[in-house]
Structure formats: structure tokens, C-alpha cells
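Notes to accompany the following structure.
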Amino acid sequence: MITGPEPNQTIEMADPQQLRIADFDYTLPDDRIARFPAGEREASRLLRYHNGSITEHRYTDLPDLLPHHSLIVFNDSKVVEARLLFQKSSGGKIEIFCLEPGPSIREVSEGLRQSGTVDYYCLIGGASKWKHGETLALDVSTNSLQLALQARIIARENNRFLIRFEWQPAEWNFAEVLHAAGNMPLPPYLKRDAVEADRERYQTVYAAREGSVAAPTAGLHFTPALLTQLEHQEIMPAFLTLHVGAGTFKPVQSESMEGHEMHREWIDVPIDLLKTLRRSSKGTVTAVGTTSLRTLESLYWTGVKVKDDPSMPPEKLSISQWEPYLRQGSPVSREAALDALLEWMGKRGETRLLTTTQLLIAPGYTIRMAGRLITNFHQPRSTLLLLVAAFIGDDWKKVYQYALDHGFRFLSYGDGCLLEQPMRE
């Protein structure tokens with residue numbers, strides 16, 4: 001059963017930092033976690049929440065459920081094989097989980113393009129077995145070529161390490177190295193090793209920009225045929241990029257959200273999408289996945305920042321975790337924020353917005369950029385569940401209880417839901 005306040009009881013929210021994570025808990029039976037994907041992507045079940053009511057559908061029904069002449073926004077980030085398993089000469093195993101490029105590199109794609117050597121922030125499983133100054137080696141045969149990869153620790157920052165990788169053939173870039181030597185970074189709650197089929201199924205069909213260490217899973221249900229059907233109904237696709245970080249797996253361990261830190265994630269948004277959003281209203285925009293919604297909302301706050309300071313340098317654009325809550329009563333409209341951002345980019349001749357976000361969307365936050373959200377069913381006590389609660393309010397408990405009672409499959413390879421906000425425009 002869902003715990004916390006009753007469905008008709010509103011959580012008092014003077015300060016989102018004081019949210020109790022215990023109010024966003026529920027019991028998820030182990031047999032409800034989808035450990036493998038459904039046989040066909042678009043055949044997954046879809047729960048629709050509309051005007052307080054719940055109905056059951058399939059993803060194939062989406063062309064009839066979404067408004068015609070509308071926009072559907074996808075995250076086109078591509079998952080990289082970020083898990084590297086090294087074996088020491090003594091027999092001990094050390095797993096390196098690649099997170100993001102080191103401090104000298106501006107953004108994720110630049111790090112993946114590095115040839116011969118690169119510094120990368122990583123998590124390490126079995127770090128106590130890795131002696132200071134020791135170099136680990138991994139040899140892989142692929143397509144009649146031999147890859148020789150070495151890794152050593154450069155520095156430690158809290159719970160992550162800066163690792164220097166070097167390899168031969170030196171003309172390979174780091175993305176090619178990971179593809180040859182790495183494994184797909186399946187979520188730990190699946191409790192299984194990646195298999196060859198995961199290279200395809202833990203990836204959206206429209207994935208284009210390498211950099212994520214977790215899939216934007218709401219998009220796993222879409223196929224080329226479904227995308228074509230949506231376009232036939234004039235539900236037009238648009239693409240942005242947020243490179244999903246390992247923080248998506250990070251449980252909230254503090255009692256209140258004040259003690260939880262969101263990881264920084266890279267976003268990359270083309271100016272043409274900003275122009276399309278400016279021509280659209282909130283009610284005609286559907287965000288596919290929590291990552292797409294967080295990116296869209298981050299665009300609003302980036303626009304607010306440059307409206308306040310049109311001379312703001314690019315390195316100051318990043319949105320911090322709590323920054324928007326200091327201005328939740330912002331009088332800046334959605335349209336004015338987008339206009340300011342477009343003007344800022346135009347003056348600099350920028351065609352893509354490259355920045356980072358730590359935005360945490362939780363109850364108390366006002367959604368400004370999308371009226372609908374397509375997403376999977378998320379873990380209890382997670383920041384993703386907080387986002388759902390911010391989007392539809394306390395009815396998240398009704399939605400999740402229905403899904404539990406009616407056999408929906410949960411988490412990354414599970415079913416999904418279409419959540420609709422009341423339209424006030």
C-alpha cells in the first residue's frame with residue numbers, strides 16, 4: 001500500500017527543502033520490477049491520468065490520446081557502455097563506472113571524442129583493492145584488432161575518482177574504447193548482468209548523442225512506426241539532449257530533501273527547438289521522460305537568468321538545485337524567458353545551448369513548459385517520484401496504487417503512464 005498522507009490530504013509546502021522523503025514511499029514487490037523488456041516496445045501498457053480519472057491503454061494508442069497540432073519532446077541522448085571491468089594479476093576484480101569528463105573538458109561529447117588518453121570522473125567498485133600508483137590493464141580483441149587499455153587514479157573527490165585512461169590504438173576515440181571494452185550500465189535494481197540484447201533494448205530508437213550512463217527510459221517504448229503515426233496526426237517530434245548521470249540511481253538517504261544533492265547533468269538544446277517552443281503553448285507540449293521535462297524547465301530558468309543579465313557569460317548559465325525555488329513567484333512569463341534566451345544566443349551567434357543543470361523538481365515547484373508527461377513508474381523515495389508528485393500533486397498516490405493493483409510493470413523496463421495537468425491556458 002502507498003504510505004504517507006491520504007490522497008485528499010495536501011502536504012504543506014512552505015519550503016521544498018523540508019520535504020520528508022518518507023511521504024513519498026510505497027511498497028514495491030520484487031516481482032513487479034520488470035527485469036527484462038517487453039517483447040515489443042510499443043506494446044507496453046500505458047496508464048492515462050486525465051482530469052483526475054485513470055484509464056488503461058497501450059503505447060500504440062498515443063496518436064489518439066495526444067492533441068493534434070502539438071509537440072512531443074524527446075531526449076535523444078545515447079547510452080554509452082560506461083561499466084569497465086578490470087582484473088588484477090592477483091585475481092581481484094575492480095569495476096570502473098565512467099561518469100563524466102575531467103575538469104579540463106567543457107562537455108560530455110568532447111570527452112568522448114578524445115583519442116589516446118582522457119581524464120574521466122568515475123565511481124569505483126572495489127576501490128580498496130586498487131593501490132595508489134598501480135596501473136590497471138585490460139586487453140580486448142575486437143574485429144581482428146587488439147585494444148590495450150590502461151587506467152590509473154589521478155585524484156579522489158569525495159566518493160568519486162578522477163581516472164586517467166590511456167589506450168592503443170591511439171587513434172580510437174574514447175567512445176569507441178567504451179563500445180569495445182565496456183558493458184551497458186543497467187540500473188542496479190535489475191540485479192542482473194547486461195546481456196547482448198540490452199545493447200539494443202536499453203537504448204531508444206532515436207538515440208543520437210552519446211553521453212548518458214542511464215537510459216531516458218520513457219522513450220524505450222517508441223518505435224519508428226509509432227513516431228510516424230504520431231506525425232500523421234500532426235503530433236510533431238522534437239529533440240533535445242540531457243546526458244543522464246548516475247545520480248538517477250542515487251537513493252534519497254536523508255530524511256528531508258535539504259540533505260540530498262542532485263548530480264550535475266549536461267544539456268544540449270538546438271536553437272530551432274527553442275523557436276518551436278516559443279511558437280507553442282504549454283498545453284500543446286508533451287515531455288517524454290523526466291529528463292526531457294527537467295531540461296525544458298531548465299530552459300525557462302536559463303531564460304530568466306539572461307533576462308536579468310543579458311551580458312551573462314556561458315559559464316554562469318548552469319541551474320543549481322535550489323536556485324529556481326528562490327524565485328518561484330517569478331513574474332517572468334514562459335514566452336518572455338524564451339525570448340530572452342533566444343536573444344542571448346542570437347547576439348553570440350550560438351546555434352546550440354550547452355550548459356548543465358542540477359534542477360530538482362519537487363512538490364512546491366510550478367511546471368511552466370509542458371502540459372503532459374509520459375514516464376515510467378519510478379522507485380519509492382526517489383527524486384523521480386518527487387517530480388511526478390510535483391506534476392500531478394497528491395494524486396500520484398492514486399496513480400501508483402492503481403498501477404500496483406492492476407498488474408503494471410515497474411521501473412526502467414516496465415510500463416508507463418501519460419500524466420496530464422489541468423489546462424488553464
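Residue numbering restarts at 1 in every chain; chains get A, B, ... in the order shown in the C-alpha cells, and ligands count up from 1 in that same order.
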Near Pro314 (chain A), within 9 Å and counting only C-alpha atoms, which residues show up once chain neighbours fewer than 6 positions away are dropped, as a PDB file with N, CA, C and O atoms, in the first residue's frame?
```pdb
ATOM      1  N   LEU A 353      22.455  25.537 -27.262  1.00  0.00           N
ATOM      2  CA  LEU A 353      22.690  25.914 -25.879  1.00  0.00           C
ATOM      3  C   LEU A 353      23.355  24.748 -25.169  1.00  0.00           C
ATOM      4  O   LEU A 353      22.768  23.663 -25.043  1.00  0.00           O
ATOM      5  N   LEU A 354      24.587  24.945 -24.706  1.00  0.00           N
ATOM      6  CA  LEU A 354      25.336  23.922 -23.981  1.00  0.00           C
ATOM      7  C   LEU A 354      25.548  24.407 -22.559  1.00  0.00           C
ATOM      8  O   LEU A 354      26.216  25.420 -22.325  1.00  0.00           O
ATOM      9  N   THR A 355      24.970  23.708 -21.587  1.00  0.00           N
ATOM     10  CA  THR A 355      25.125  24.097 -20.190  1.00  0.00           C
ATOM     11  C   THR A 355      24.804  22.886 -19.309  1.00  0.00           C
ATOM     12  O   THR A 355      24.707  21.760 -19.819  1.00  0.00           O
TER      13      THR A 355
END
```
- Message: Taking only region 72-253 of chain A into account, list the residues labelled strand (DSSP E or B) by DSSP (computed from the backbone), as a PyMOL selection string.
- Response: chain A and resi 72-75+77-79+83-87+93-101+115+117-125+136-142+145-157+160-168+173+183+209-212+235-243
- Task: Could you check which of A:Gly416, A:Gly407, A:Gly346, A:Pro187 is closest to Gly245 (chain A), using only C-alpha atoms?
- Result: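 Looking at the shortest contact to Gly245 (chain A), the residue is A:Pro187.
Between Asn158 (chain A) and the residues A:Trp172, A:Phe408, A:Tyr121, A:Tyr413, the shortest atom-to-atom distance, using only C-alpha atoms, involves A:Tyr121.
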- Among region 105-217 of chain A, which residues carry a DSSP assignment of helix (DSSP H, G or I), reported as number ranges by chain? A: 108-112, 127-129, 174-181, 188-190, 198-201, 217
Go ahead and save the picked residues with N, CA and C atoms, as an mmCIF file, in the first residue's frame.
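Result saved to out36.cif:
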```cif
data_model
loop_
_atom_site.group_PDB
_atom_site.id
_atom_site.type_symbol
_atom_site.label_atom_id
_atom_site.label_comp_id
_atom_site.auth_asym_id
_atom_site.auth_seq_id
_atom_site.Cartn_x
_atom_site.Cartn_y
_atom_site.Cartn_z
ATOM 1 N N VAL A 108 30.320 16.653 -22.374
ATOM 2 C CA VAL A 108 30.449 15.203 -22.455
ATOM 3 C C VAL A 108 30.937 14.741 -23.825
ATOM 4 N N SER A 109 30.338 15.246 -24.900
ATOM 5 C CA SER A 109 30.706 14.756 -26.229
ATOM 6 C C SER A 109 32.168 15.039 -26.541
ATOM 7 N N GLU A 110 32.688 16.147 -26.022
ATOM 8 C CA GLU A 110 34.100 16.450 -26.222
ATOM 9 C C GLU A 110 34.980 15.398 -25.560
ATOM 10 N N GLY A 111 34.594 14.963 -24.365
ATOM 11 C CA GLY A 111 35.359 13.923 -23.682
ATOM 12 C C GLY A 111 35.350 12.614 -24.438
ATOM 13 N N LEU A 112 34.206 12.260 -25.003
ATOM 14 C CA LEU A 112 34.099 11.002 -25.731
ATOM 15 C C LEU A 112 34.850 11.038 -27.061
ATOM 16 N N ALA A 127 37.407 -0.277 -4.711
ATOM 17 C CA ALA A 127 38.489 0.717 -4.679
ATOM 18 C C ALA A 127 39.570 0.364 -3.664
ATOM 19 N N SER A 128 39.191 -0.320 -2.587
ATOM 20 C CA SER A 128 40.180 -0.653 -1.560
ATOM 21 C C SER A 128 41.239 -1.626 -2.077
ATOM 22 N N LYS A 129 40.938 -2.324 -3.167
ATOM 23 C CA LYS A 129 41.890 -3.277 -3.743
ATOM 24 C C LYS A 129 42.871 -2.610 -4.711
ATOM 25 N N PHE A 174 37.435 7.835 -27.273
ATOM 26 C CA PHE A 174 37.038 7.163 -26.033
ATOM 27 C C PHE A 174 35.683 6.461 -26.176
ATOM 28 N N ALA A 175 34.787 7.006 -26.997
ATOM 29 C CA ALA A 175 33.507 6.338 -27.228
ATOM 30 C C ALA A 175 33.718 4.970 -27.866
ATOM 31 N N GLU A 176 34.662 4.869 -28.802
ATOM 32 C CA GLU A 176 34.967 3.579 -29.432
ATOM 33 C C GLU A 176 35.589 2.616 -28.426
ATOM 34 N N VAL A 177 36.408 3.141 -27.535
ATOM 35 C CA VAL A 177 37.011 2.306 -26.493
ATOM 36 C C VAL A 177 35.930 1.718 -25.595
ATOM 37 N N LEU A 178 34.991 2.561 -25.162
ATOM 38 C CA LEU A 178 33.916 2.075 -24.291
ATOM 39 C C LEU A 178 33.036 1.064 -25.016
ATOM 40 N N HIS A 179 32.773 1.302 -26.285
ATOM 41 C CA HIS A 179 31.936 0.367 -27.041
ATOM 42 C C HIS A 179 32.604 -1.004 -27.150
ATOM 43 N N ALA A 180 33.924 -1.010 -27.287
ATOM 44 C CA ALA A 180 34.643 -2.273 -27.434
ATOM 45 C C ALA A 180 34.860 -2.976 -26.095
ATOM 46 N N ALA A 181 35.131 -2.209 -25.049
ATOM 47 C CA ALA A 181 35.565 -2.815 -23.781
ATOM 48 C C ALA A 181 34.526 -2.748 -22.671
ATOM 49 N N PRO A 188 21.104 -0.783 -11.022
ATOM 50 C CA PRO A 188 21.410 -1.825 -10.034
ATOM 51 C C PRO A 188 20.183 -2.576 -9.542
ATOM 52 N N TYR A 189 19.008 -1.950 -9.587
ATOM 53 C CA TYR A 189 17.820 -2.634 -9.080
ATOM 54 C C TYR A 189 17.365 -3.766 -9.995
ATOM 55 N N LEU A 190 17.900 -3.877 -11.208
ATOM 56 C CA LEU A 190 17.563 -5.025 -12.052
ATOM 57 C C LEU A 190 18.252 -6.295 -11.563
ATOM 58 N N ASP A 198 20.627 -6.181 -24.425
ATOM 59 C CA ASP A 198 20.492 -4.878 -23.772
ATOM 60 C C ASP A 198 21.156 -3.768 -24.569
ATOM 61 N N ARG A 199 22.132 -4.096 -25.406
ATOM 62 C CA ARG A 199 22.777 -3.065 -26.215
ATOM 63 C C ARG A 199 21.767 -2.380 -27.132
ATOM 64 N N GLU A 200 20.738 -3.112 -27.525
ATOM 65 C CA GLU A 200 19.686 -2.530 -28.360
ATOM 66 C C GLU A 200 18.508 -2.047 -27.523
ATOM 67 N N ARG A 201 18.038 -2.858 -26.577
ATOM 68 C CA ARG A 201 16.800 -2.554 -25.892
ATOM 69 C C ARG A 201 16.954 -1.524 -24.786
ATOM 70 N N THR A 217 14.390 6.294 -19.976
ATOM 71 C CA THR A 217 13.613 5.068 -20.181
ATOM 72 C C THR A 217 12.196 5.288 -20.700
#
```
- Query: Hey, what's within 10 Å of Leu342 (chain A) if we count only C-alpha atoms and toss same-chain stuff fewer than 4 positions away? As a ChimeraX atom specification, please?
  - Reply: /A:271-272,274-275,278,303,306,336-338,346-347,350-351,353
Write out, as a PDB file, in the first residue's frame, the residues just selected, with N, CA and C atoms.
```pdb
ATOM      1  N   ILE A 271      18.833  25.707 -31.133  1.00  0.00           N
ATOM      2  CA  ILE A 271      18.061  26.940 -31.132  1.00  0.00           C
ATOM      3  C   ILE A 271      16.734  26.772 -31.865  1.00  0.00           C
ATOM      4  N   ASP A 272      16.690  25.867 -32.843  1.00  0.00           N
ATOM      5  CA  ASP A 272      15.432  25.638 -33.568  1.00  0.00           C
ATOM      6  C   ASP A 272      14.344  25.105 -32.630  1.00  0.00           C
ATOM      7  N   LEU A 274      14.116  25.841 -29.419  1.00  0.00           N
ATOM      8  CA  LEU A 274      13.688  26.998 -28.640  1.00  0.00           C
ATOM      9  C   LEU A 274      12.672  27.830 -29.418  1.00  0.00           C
ATOM     10  N   LYS A 275      12.906  27.998 -30.716  1.00  0.00           N
ATOM     11  CA  LYS A 275      11.973  28.754 -31.546  1.00  0.00           C
ATOM     12  C   LYS A 275      10.629  28.035 -31.651  1.00  0.00           C
ATOM     13  N   ARG A 278       8.776  28.456 -28.479  1.00  0.00           N
ATOM     14  CA  ARG A 278       8.228  29.823 -28.372  1.00  0.00           C
ATOM     15  C   ARG A 278       6.919  29.950 -29.133  1.00  0.00           C
ATOM     16  N   GLY A 303      16.520  31.219 -19.280  1.00  0.00           N
ATOM     17  CA  GLY A 303      15.984  32.438 -19.869  1.00  0.00           C
ATOM     18  C   GLY A 303      15.769  33.534 -18.844  1.00  0.00           C
ATOM     19  N   VAL A 306      19.235  35.126 -18.064  1.00  0.00           N
ATOM     20  CA  VAL A 306      19.787  36.047 -19.063  1.00  0.00           C
ATOM     21  C   VAL A 306      18.887  37.267 -19.266  1.00  0.00           C
ATOM     22  N   ALA A 336       8.453  35.259 -22.309  1.00  0.00           N
ATOM     23  CA  ALA A 336       9.499  36.261 -22.092  1.00  0.00           C
ATOM     24  C   ALA A 336      10.844  35.590 -21.806  1.00  0.00           C
ATOM     25  N   ALA A 337      10.810  34.486 -21.070  1.00  0.00           N
ATOM     26  CA  ALA A 337      12.054  33.772 -20.775  1.00  0.00           C
ATOM     27  C   ALA A 337      12.661  33.198 -22.050  1.00  0.00           C
ATOM     28  N   LEU A 338      11.827  32.607 -22.915  1.00  0.00           N
ATOM     29  CA  LEU A 338      12.331  32.059 -24.177  1.00  0.00           C
ATOM     30  C   LEU A 338      12.832  33.171 -25.097  1.00  0.00           C
ATOM     31  N   GLY A 346      21.328  34.631 -29.982  1.00  0.00           N
ATOM     32  CA  GLY A 346      21.480  35.311 -31.259  1.00  0.00           C
ATOM     33  C   GLY A 346      22.629  36.303 -31.253  1.00  0.00           C
ATOM     34  N   LYS A 347      22.776  37.032 -30.166  1.00  0.00           N
ATOM     35  CA  LYS A 347      23.851  38.017 -30.075  1.00  0.00           C
ATOM     36  C   LYS A 347      25.229  37.362 -30.093  1.00  0.00           C
ATOM     37  N   GLU A 350      25.205  31.739 -31.317  1.00  0.00           N
ATOM     38  CA  GLU A 350      25.115  30.352 -30.865  1.00  0.00           C
ATOM     39  C   GLU A 350      23.919  29.662 -31.513  1.00  0.00           C
ATOM     40  N   THR A 351      24.137  28.448 -32.006  1.00  0.00           N
ATOM     41  CA  THR A 351      23.031  27.663 -32.570  1.00  0.00           C
ATOM     42  C   THR A 351      22.588  26.546 -31.633  1.00  0.00           C
ATOM     43  N   LEU A 353      22.455  25.537 -27.262  1.00  0.00           N
ATOM     44  CA  LEU A 353      22.690  25.914 -25.879  1.00  0.00           C
ATOM     45  C   LEU A 353      23.355  24.748 -25.169  1.00  0.00           C
TER      46      LEU A 353
END
```
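Close contacts of Gly371 (chain A), defined as residues with an atom at most 10 Å away when counting only C-alpha atoms, with chain neighbours fewer than 6 positions off set aside, comprise Ser281, Lys282, Gly283, Thr284, Val285, Thr286, Ala287, Phe391, Leu419, Glu420, Gln421, Pro422, Met423 and Arg424 of chain A.
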- Query: Quick one: residues within 8 Å of region 249-261 of chain A, only C-alpha atoms counted, chain neighbours fewer than 2 positions away excluded, as a list in words?
  - Reply: Pro16, Gln17, Gln18, Leu19, Arg20, Ile21, Ala22, Pro187, Pro188, Ala246, Gly247, His263, Gln321, Arg381, Ser382 and Thr383 of chain A
Output for the residues just chosen: C-alpha atoms as a CSV table (one decimal), in the first residue's frame:
```
chain,number,residue,atom,x,y,z
A,16,PRO,CA,10.7,22.2,-0.7
A,17,GLN,CA,13.9,21.6,1.2
A,18,GLN,CA,11.9,20.5,4.2
A,19,LEU,CA,10.0,17.8,2.3
A,20,ARG,CA,10.1,14.4,4.1
A,21,ILE,CA,11.1,11.6,1.8
A,22,ALA,CA,9.0,9.3,3.9
A,187,PRO,CA,20.3,0.0,-13.2
A,188,PRO,CA,21.4,-1.8,-10.0
A,246,ALA,CA,24.5,8.0,-12.3
A,247,GLY,CA,22.7,10.3,-9.9
A,263,HIS,CA,24.2,15.5,-9.6
A,321,GLN,CA,19.5,22.6,-7.4
A,381,ARG,CA,11.7,7.5,-2.2
A,382,SER,CA,13.3,8.8,-5.4
A,383,THR,CA,13.7,12.2,-6.9
```
- Query: Quick one: residues within 10 Å of Tyr365 (chain A), only C-alpha atoms counted, chain neighbours fewer than 3 positions away excluded, as a PyMOL selection string?
  - Reply: chain A and resi 13+15-16+324-325+328+360-362+368+387+389-391
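Distance check against Glu107 (chain A) using only C-alpha atoms: of A:Arg35, A:Arg294, A:His243, A:Lys316, the minimum falls on A:His243.
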- Work out how far CA of Ile2 (chain A) is from CA of Asp405 (chain A), in Å to one decimal.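 Pair CA of Asp405 (chain A) / CA of Ile2 (chain A) returns 11.1 Å.
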Write out as an mmCIF file with N, CA, C and O atoms, in the first residue's frame which residues come within 10 Å of Ile235 (chain A) when counting only C-alpha atoms, dropping same-chain ones fewer than 4 positions away.
```
data_model
loop_
_atom_site.group_PDB
_atom_site.id
_atom_site.type_symbol
_atom_site.label_atom_id
_atom_site.label_comp_id
_atom_site.auth_asym_id
_atom_site.auth_seq_id
_atom_site.Cartn_x
_atom_site.Cartn_y
_atom_site.Cartn_z
ATOM 1 N N LEU A 62 -1.250 6.183 -28.369
ATOM 2 C CA LEU A 62 -0.831 7.568 -28.174
ATOM 3 C C LEU A 62 -1.292 8.536 -29.266
ATOM 4 O O LEU A 62 -1.679 9.673 -28.961
ATOM 5 N N PRO A 63 -1.279 8.152 -30.551
ATOM 6 C CA PRO A 63 -1.737 9.100 -31.575
ATOM 7 C C PRO A 63 -3.164 9.583 -31.357
ATOM 8 O O PRO A 63 -3.528 10.679 -31.809
ATOM 9 N N LEU A 66 -3.068 12.043 -27.603
ATOM 10 C CA LEU A 66 -2.425 13.352 -27.573
ATOM 11 C C LEU A 66 -3.139 14.313 -28.520
ATOM 12 O O LEU A 66 -3.692 13.886 -29.538
ATOM 13 N N PRO A 67 -3.136 15.602 -28.213
ATOM 14 C CA PRO A 67 -3.826 16.559 -29.087
ATOM 15 C C PRO A 67 -3.123 16.700 -30.431
ATOM 16 O O PRO A 67 -1.887 16.700 -30.493
ATOM 17 N N HIS A 68 -3.892 16.778 -31.483
ATOM 18 C CA HIS A 68 -3.314 17.022 -32.805
ATOM 19 C C HIS A 68 -2.749 18.447 -32.845
ATOM 20 O O HIS A 68 -3.103 19.291 -32.039
ATOM 21 N N HIS A 69 -1.847 18.697 -33.778
ATOM 22 C CA HIS A 69 -1.175 20.007 -33.876
ATOM 23 C C HIS A 69 -0.443 20.331 -32.579
ATOM 24 O O HIS A 69 -0.550 21.437 -32.047
ATOM 25 N N SER A 70 0.280 19.339 -32.060
ATOM 26 C CA SER A 70 1.009 19.542 -30.810
ATOM 27 C C SER A 70 2.455 19.080 -30.973
ATOM 28 O O SER A 70 2.861 18.616 -32.045
ATOM 29 N N LEU A 71 3.221 19.223 -29.904
ATOM 30 C CA LEU A 71 4.656 18.946 -29.919
ATOM 31 C C LEU A 71 4.960 17.866 -28.890
ATOM 32 O O LEU A 71 4.479 17.933 -27.752
ATOM 33 N N ILE A 72 5.751 16.878 -29.276
ATOM 34 C CA ILE A 72 6.193 15.839 -28.337
ATOM 35 C C ILE A 72 7.718 15.878 -28.292
ATOM 36 O O ILE A 72 8.384 15.784 -29.327
ATOM 37 N N LEU A 227 6.392 6.641 -34.159
ATOM 38 C CA LEU A 227 6.759 8.029 -34.426
ATOM 39 C C LEU A 227 6.109 8.521 -35.720
ATOM 40 O O LEU A 227 5.633 9.660 -35.805
ATOM 41 N N THR A 228 6.068 7.649 -36.718
ATOM 42 C CA THR A 228 5.426 8.003 -37.986
ATOM 43 C C THR A 228 3.928 8.226 -37.794
ATOM 44 O O THR A 228 3.349 9.173 -38.337
ATOM 45 N N GLN A 229 3.290 7.361 -37.011
ATOM 46 C CA GLN A 229 1.858 7.502 -36.742
ATOM 47 C C GLN A 229 1.554 8.815 -36.019
ATOM 48 O O GLN A 229 0.544 9.473 -36.300
ATOM 49 N N LEU A 230 2.438 9.200 -35.087
ATOM 50 C CA LEU A 230 2.254 10.469 -34.386
ATOM 51 C C LEU A 230 2.331 11.637 -35.368
ATOM 52 O O LEU A 230 1.504 12.559 -35.322
ATOM 53 N N GLU A 231 3.290 11.581 -36.271
ATOM 54 C CA GLU A 231 3.431 12.657 -37.261
ATOM 55 C C GLU A 231 2.226 12.734 -38.179
ATOM 56 O O GLU A 231 1.814 13.829 -38.590
ATOM 57 N N THR A 284 0.204 22.443 -25.357
ATOM 58 C CA THR A 284 0.420 21.647 -26.567
ATOM 59 C C THR A 284 1.761 20.918 -26.540
ATOM 60 O O THR A 284 2.154 20.339 -27.554
ATOM 61 N N VAL A 285 2.456 20.929 -25.402
ATOM 62 C CA VAL A 285 3.770 20.294 -25.294
ATOM 63 C C VAL A 285 3.679 19.061 -24.402
ATOM 64 O O VAL A 285 3.205 19.137 -23.262
ATOM 65 N N THR A 286 4.146 17.925 -24.917
ATOM 66 C CA THR A 286 4.260 16.686 -24.157
ATOM 67 C C THR A 286 5.731 16.362 -23.984
ATOM 68 O O THR A 286 6.466 16.263 -24.974
#
```
